[in-house]
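Student: Below you will find the structure I want to go over with you.
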Amino acid sequence: MNFTEAGLLIREARKKADLTQATLAGRLRMSRATISKIENGLIEELGVRKLSLLCDRLGLEVLVRPRQALTLEEAYAKNRLERREAFRETDAALAKLKPDSHG
């Protein structure tokens, strides 16, 4: 499962339902931070029941099926997402390496 793509779909569905992360989290008895991590594809572990409950609340479904080859458009989209995430990770690592400008 590609959590980055799933997170984007979940974010879109939440916004379409006119729910804030905090409101959705409260209804699902999750933290807002957990919803944020899911939407950003950064969740380290999420149980199937929680994912199913979240998707059900947003009108989405969890689907298990054999992997299919990506279309060219999907491959490009996947590549863009992976590069965007790599840039974020690099920027975060570089920010940690910057000397403290206040000292």
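Residues are named by chain letter and number: chains run A, B, ... in the order of the structure tokens, numbers start at 1 in each chain, and ligands are numbered from 1 in the order shown.
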If you count only C-alpha atoms, which residues fall within 12 Å of Leu51 in chain A, apart from same-chain ones fewer than 3 positions away, as an NGL selection string?
Tutor: :A and (1 or 3 or 6-7 or 10 or 28 or 30 or 34-35 or 38-39 or 43 or 45-48 or 54-58 or 60-63)
Student: Save the residues we just selected, N, CA and C atoms, as a PDB file, in the first residue's frame?
Tutor:
ATOM      1  N   MET A   1       0.852  -1.178   0.000  1.00  0.00           N
ATOM      2  CA  MET A   1       0.000   0.000   0.000  1.00  0.00           C
ATOM      3  C   MET A   1       0.892   1.235   0.000  1.00  0.00           C
ATOM      4  N   PHE A   3       1.176   4.640   1.244  1.00  0.00           N
ATOM      5  CA  PHE A   3       0.534   5.483   2.253  1.00  0.00           C
ATOM      6  C   PHE A   3       0.486   6.939   1.845  1.00  0.00           C
ATOM      7  N   ALA A   6      -2.583   7.098  -0.430  1.00  0.00           N
ATOM      8  CA  ALA A   6      -3.769   6.879   0.406  1.00  0.00           C
ATOM      9  C   ALA A   6      -4.027   8.111   1.266  1.00  0.00           C
ATOM     10  N   GLY A   7      -2.970   8.681   1.812  1.00  0.00           N
ATOM     11  CA  GLY A   7      -3.114   9.880   2.649  1.00  0.00           C
ATOM     12  C   GLY A   7      -3.717  11.044   1.891  1.00  0.00           C
ATOM     13  N   ILE A  10      -7.380  10.386   1.492  1.00  0.00           N
ATOM     14  CA  ILE A  10      -8.066  10.585   2.773  1.00  0.00           C
ATOM     15  C   ILE A  10      -8.225  12.077   3.058  1.00  0.00           C
ATOM     16  N   LEU A  28     -13.447   9.646  15.633  1.00  0.00           N
ATOM     17  CA  LEU A  28     -12.862   8.316  15.490  1.00  0.00           C
ATOM     18  C   LEU A  28     -12.058   7.888  16.719  1.00  0.00           C
ATOM     19  N   MET A  30      -9.264   9.150  17.711  1.00  0.00           N
ATOM     20  CA  MET A  30      -7.846   9.184  17.357  1.00  0.00           C
ATOM     21  C   MET A  30      -7.348  10.582  17.681  1.00  0.00           C
ATOM     22  N   THR A  34      -2.394  11.948  14.655  1.00  0.00           N
ATOM     23  CA  THR A  34      -2.483  10.690  13.903  1.00  0.00           C
ATOM     24  C   THR A  34      -3.122  10.929  12.548  1.00  0.00           C
ATOM     25  N   ILE A  35      -4.203  11.697  12.518  1.00  0.00           N
ATOM     26  CA  ILE A  35      -4.863  12.017  11.247  1.00  0.00           C
ATOM     27  C   ILE A  35      -3.886  12.757  10.338  1.00  0.00           C
ATOM     28  N   ILE A  38      -1.364  10.333   8.910  1.00  0.00           N
ATOM     29  CA  ILE A  38      -1.989   9.494   7.882  1.00  0.00           C
ATOM     30  C   ILE A  38      -2.084  10.276   6.579  1.00  0.00           C
ATOM     31  N   GLU A  39      -2.583  11.497   6.665  1.00  0.00           N
ATOM     32  CA  GLU A  39      -2.764  12.317   5.467  1.00  0.00           C
ATOM     33  C   GLU A  39      -1.445  12.648   4.782  1.00  0.00           C
ATOM     34  N   ILE A  43       2.583   7.965   8.692  1.00  0.00           N
ATOM     35  CA  ILE A  43       2.176   7.070   9.779  1.00  0.00           C
ATOM     36  C   ILE A  43       3.075   5.839   9.769  1.00  0.00           C
ATOM     37  N   GLU A  45       2.632   3.085  11.842  1.00  0.00           N
ATOM     38  CA  GLU A  45       1.842   1.876  12.023  1.00  0.00           C
ATOM     39  C   GLU A  45       0.385   2.269  12.207  1.00  0.00           C
ATOM     40  N   LEU A  46      -0.473   1.600  11.474  1.00  0.00           N
ATOM     41  CA  LEU A  46      -1.899   1.856  11.567  1.00  0.00           C
ATOM     42  C   LEU A  46      -2.613   0.533  11.369  1.00  0.00           C
ATOM     43  N   GLY A  47      -3.403   0.145  12.334  1.00  0.00           N
ATOM     44  CA  GLY A  47      -4.108  -1.126  12.237  1.00  0.00           C
ATOM     45  C   GLY A  47      -5.160  -1.104  11.136  1.00  0.00           C
ATOM     46  N   VAL A  48      -5.461  -2.279  10.641  1.00  0.00           N
ATOM     47  CA  VAL A  48      -6.446  -2.423   9.572  1.00  0.00           C
ATOM     48  C   VAL A  48      -7.809  -1.931  10.042  1.00  0.00           C
ATOM     49  N   LEU A  54     -11.687   4.690   9.505  1.00  0.00           N
ATOM     50  CA  LEU A  54     -11.410   6.005   8.932  1.00  0.00           C
ATOM     51  C   LEU A  54     -11.982   6.113   7.524  1.00  0.00           C
ATOM     52  N   CYS A  55     -11.683   5.124   6.705  1.00  0.00           N
ATOM     53  CA  CYS A  55     -12.174   5.133   5.326  1.00  0.00           C
ATOM     54  C   CYS A  55     -13.695   5.068   5.273  1.00  0.00           C
ATOM     55  N   ASP A  56     -14.284   4.234   6.107  1.00  0.00           N
ATOM     56  CA  ASP A  56     -15.736   4.113   6.137  1.00  0.00           C
ATOM     57  C   ASP A  56     -16.382   5.447   6.484  1.00  0.00           C
ATOM     58  N   ARG A  57     -15.821   6.141   7.456  1.00  0.00           N
ATOM     59  CA  ARG A  57     -16.358   7.449   7.887  1.00  0.00           C
ATOM     60  C   ARG A  57     -16.302   8.477   6.763  1.00  0.00           C
ATOM     61  N   LEU A  58     -15.313   8.335   5.866  1.00  0.00           N
ATOM     62  CA  LEU A  58     -15.119   9.309   4.787  1.00  0.00           C
ATOM     63  C   LEU A  58     -15.695   8.845   3.451  1.00  0.00           C
ATOM     64  N   LEU A  60     -14.859   6.121   1.829  1.00  0.00           N
ATOM     65  CA  LEU A  60     -13.831   5.433   1.052  1.00  0.00           C
ATOM     66  C   LEU A  60     -13.878   3.956   1.406  1.00  0.00           C
ATOM     67  N   GLU A  61     -13.189   3.144   0.640  1.00  0.00           N
ATOM     68  CA  GLU A  61     -13.117   1.726   0.959  1.00  0.00           C
ATOM     69  C   GLU A  61     -11.678   1.240   0.888  1.00  0.00           C
ATOM     70  N   VAL A  62     -11.385   0.246   1.679  1.00  0.00           N
ATOM     71  CA  VAL A  62     -10.087  -0.417   1.643  1.00  0.00           C
ATOM     72  C   VAL A  62     -10.245  -1.593   0.686  1.00  0.00           C
ATOM     73  N   LEU A  63      -9.377  -1.677  -0.277  1.00  0.00           N
ATOM     74  CA  LEU A  63      -9.491  -2.691  -1.316  1.00  0.00           C
ATOM     75  C   LEU A  63      -8.207  -3.505  -1.367  1.00  0.00           C
TER      76      LEU A  63
END
Student: With 10 Å as the cut-off and only C-alpha atoms counted, what is the closest atom pair between each nearby residue of range 20-74 of chain A and range 80-98 of chain A? Distances in Å to one decimal, ordered by chain and number, as a Markdown table.
Tutor:
| residue | atom | partner | partner_atom | distance |
| --- | --- | --- | --- | --- |
| A:Asn40 | CA | A:Glu85 | CA | 9.7 |
| A:Gly41 | CA | A:Glu85 | CA | 9.5 |
| A:Glu74 | CA | A:Arg80 | CA | 9.8 |
Student: Mind dumping the selected residues with C-alpha atoms as a PDB file, in the first residue's frame?
Tutor:
ATOM      1  CA  ASN A  40       0.931  13.065   4.971  1.00  0.00           C
ATOM      2  CA  GLY A  41       1.894   9.417   4.480  1.00  0.00           C
ATOM      3  CA  GLU A  74       0.476   6.875 -12.584  1.00  0.00           C
TER       4      GLU A  74
END
Student: Determine which residues of chain A DSSP labels as helix (DSSP H, G or I) from the backbone of this structure, then write them out as a PyMOL selection string.
Tutor: chain A and resi 3-16+21-28+32-39+48-57+72-97
Student: Save out the residues we just selected, C-alpha atoms, as a compact mmCIF listing (two decimals), in the first residue's frame.
Tutor:
# COMPACT_ATOMS: atom_id res chain seq x y z
CA PHE A 3 0.53 5.48 2.25
CA THR A 4 1.38 8.76 0.52
CA GLU A 5 -1.28 8.23 -2.13
CA ALA A 6 -3.77 6.88 0.41
CA GLY A 7 -3.11 9.88 2.65
CA LEU A 8 -3.85 12.29 -0.18
CA LEU A 9 -7.14 10.52 -0.91
CA ILE A 10 -8.07 10.58 2.77
CA ARG A 11 -7.25 14.32 3.03
CA GLU A 12 -9.37 15.08 -0.06
CA ALA A 13 -12.29 13.05 1.31
CA ARG A 14 -12.04 14.75 4.71
CA LYS A 15 -12.08 18.20 3.13
CA LYS A 16 -14.94 17.20 0.85
CA GLN A 21 -8.56 16.97 11.28
CA ALA A 22 -9.52 17.62 14.90
CA THR A 23 -13.23 16.95 14.31
CA LEU A 24 -12.55 13.75 12.39
CA ALA A 25 -10.05 12.61 15.01
CA GLY A 26 -12.55 13.19 17.80
CA ARG A 27 -15.25 11.21 16.03
CA LEU A 28 -12.86 8.32 15.49
CA ARG A 32 -5.36 14.97 15.41
CA ALA A 33 -1.64 14.23 15.04
CA THR A 34 -2.48 10.69 13.90
CA ILE A 35 -4.86 12.02 11.25
CA SER A 36 -2.16 14.44 10.11
CA LYS A 37 0.43 11.66 9.87
CA ILE A 38 -1.99 9.49 7.88
CA GLU A 39 -2.76 12.32 5.47
CA VAL A 48 -6.45 -2.42 9.57
CA ARG A 49 -9.48 -1.77 11.78
CA LYS A 50 -8.52 1.88 12.28
CA LEU A 51 -7.86 2.35 8.57
CA SER A 52 -11.18 0.68 7.74
CA LEU A 53 -13.05 2.85 10.26
CA LEU A 54 -11.41 6.00 8.93
CA CYS A 55 -12.17 5.13 5.33
CA ASP A 56 -15.74 4.11 6.14
CA ARG A 57 -16.36 7.45 7.89
CA LEU A 72 2.53 5.96 -17.55
CA GLU A 73 0.53 8.74 -15.92
CA GLU A 74 0.48 6.87 -12.58
CA ALA A 75 4.21 6.19 -12.81
CA TYR A 76 4.90 9.90 -13.37
CA ALA A 77 2.63 10.86 -10.48
CA LYS A 78 4.32 8.33 -8.21
CA ASN A 79 7.73 9.64 -9.21
CA ARG A 80 6.68 13.23 -8.48
CA LEU A 81 5.40 12.25 -5.03
CA GLU A 82 8.57 10.32 -4.23
CA ARG A 83 10.78 13.22 -5.35
CA ARG A 84 8.70 15.72 -3.35
CA GLU A 85 9.08 13.57 -0.23
CA ALA A 86 12.82 13.16 -0.84
CA PHE A 87 13.19 16.95 -1.10
CA ARG A 88 11.25 17.39 2.17
CA GLU A 89 13.49 14.87 3.92
CA THR A 90 16.62 16.53 2.53
CA ASP A 91 15.43 19.99 3.56
CA ALA A 92 14.66 18.74 7.07
CA ALA A 93 18.09 17.11 7.37
CA LEU A 94 19.82 20.26 6.12
CA ALA A 95 17.84 22.41 8.55
CA LYS A 96 19.13 20.27 11.42
CA LEU A 97 22.71 20.77 10.23
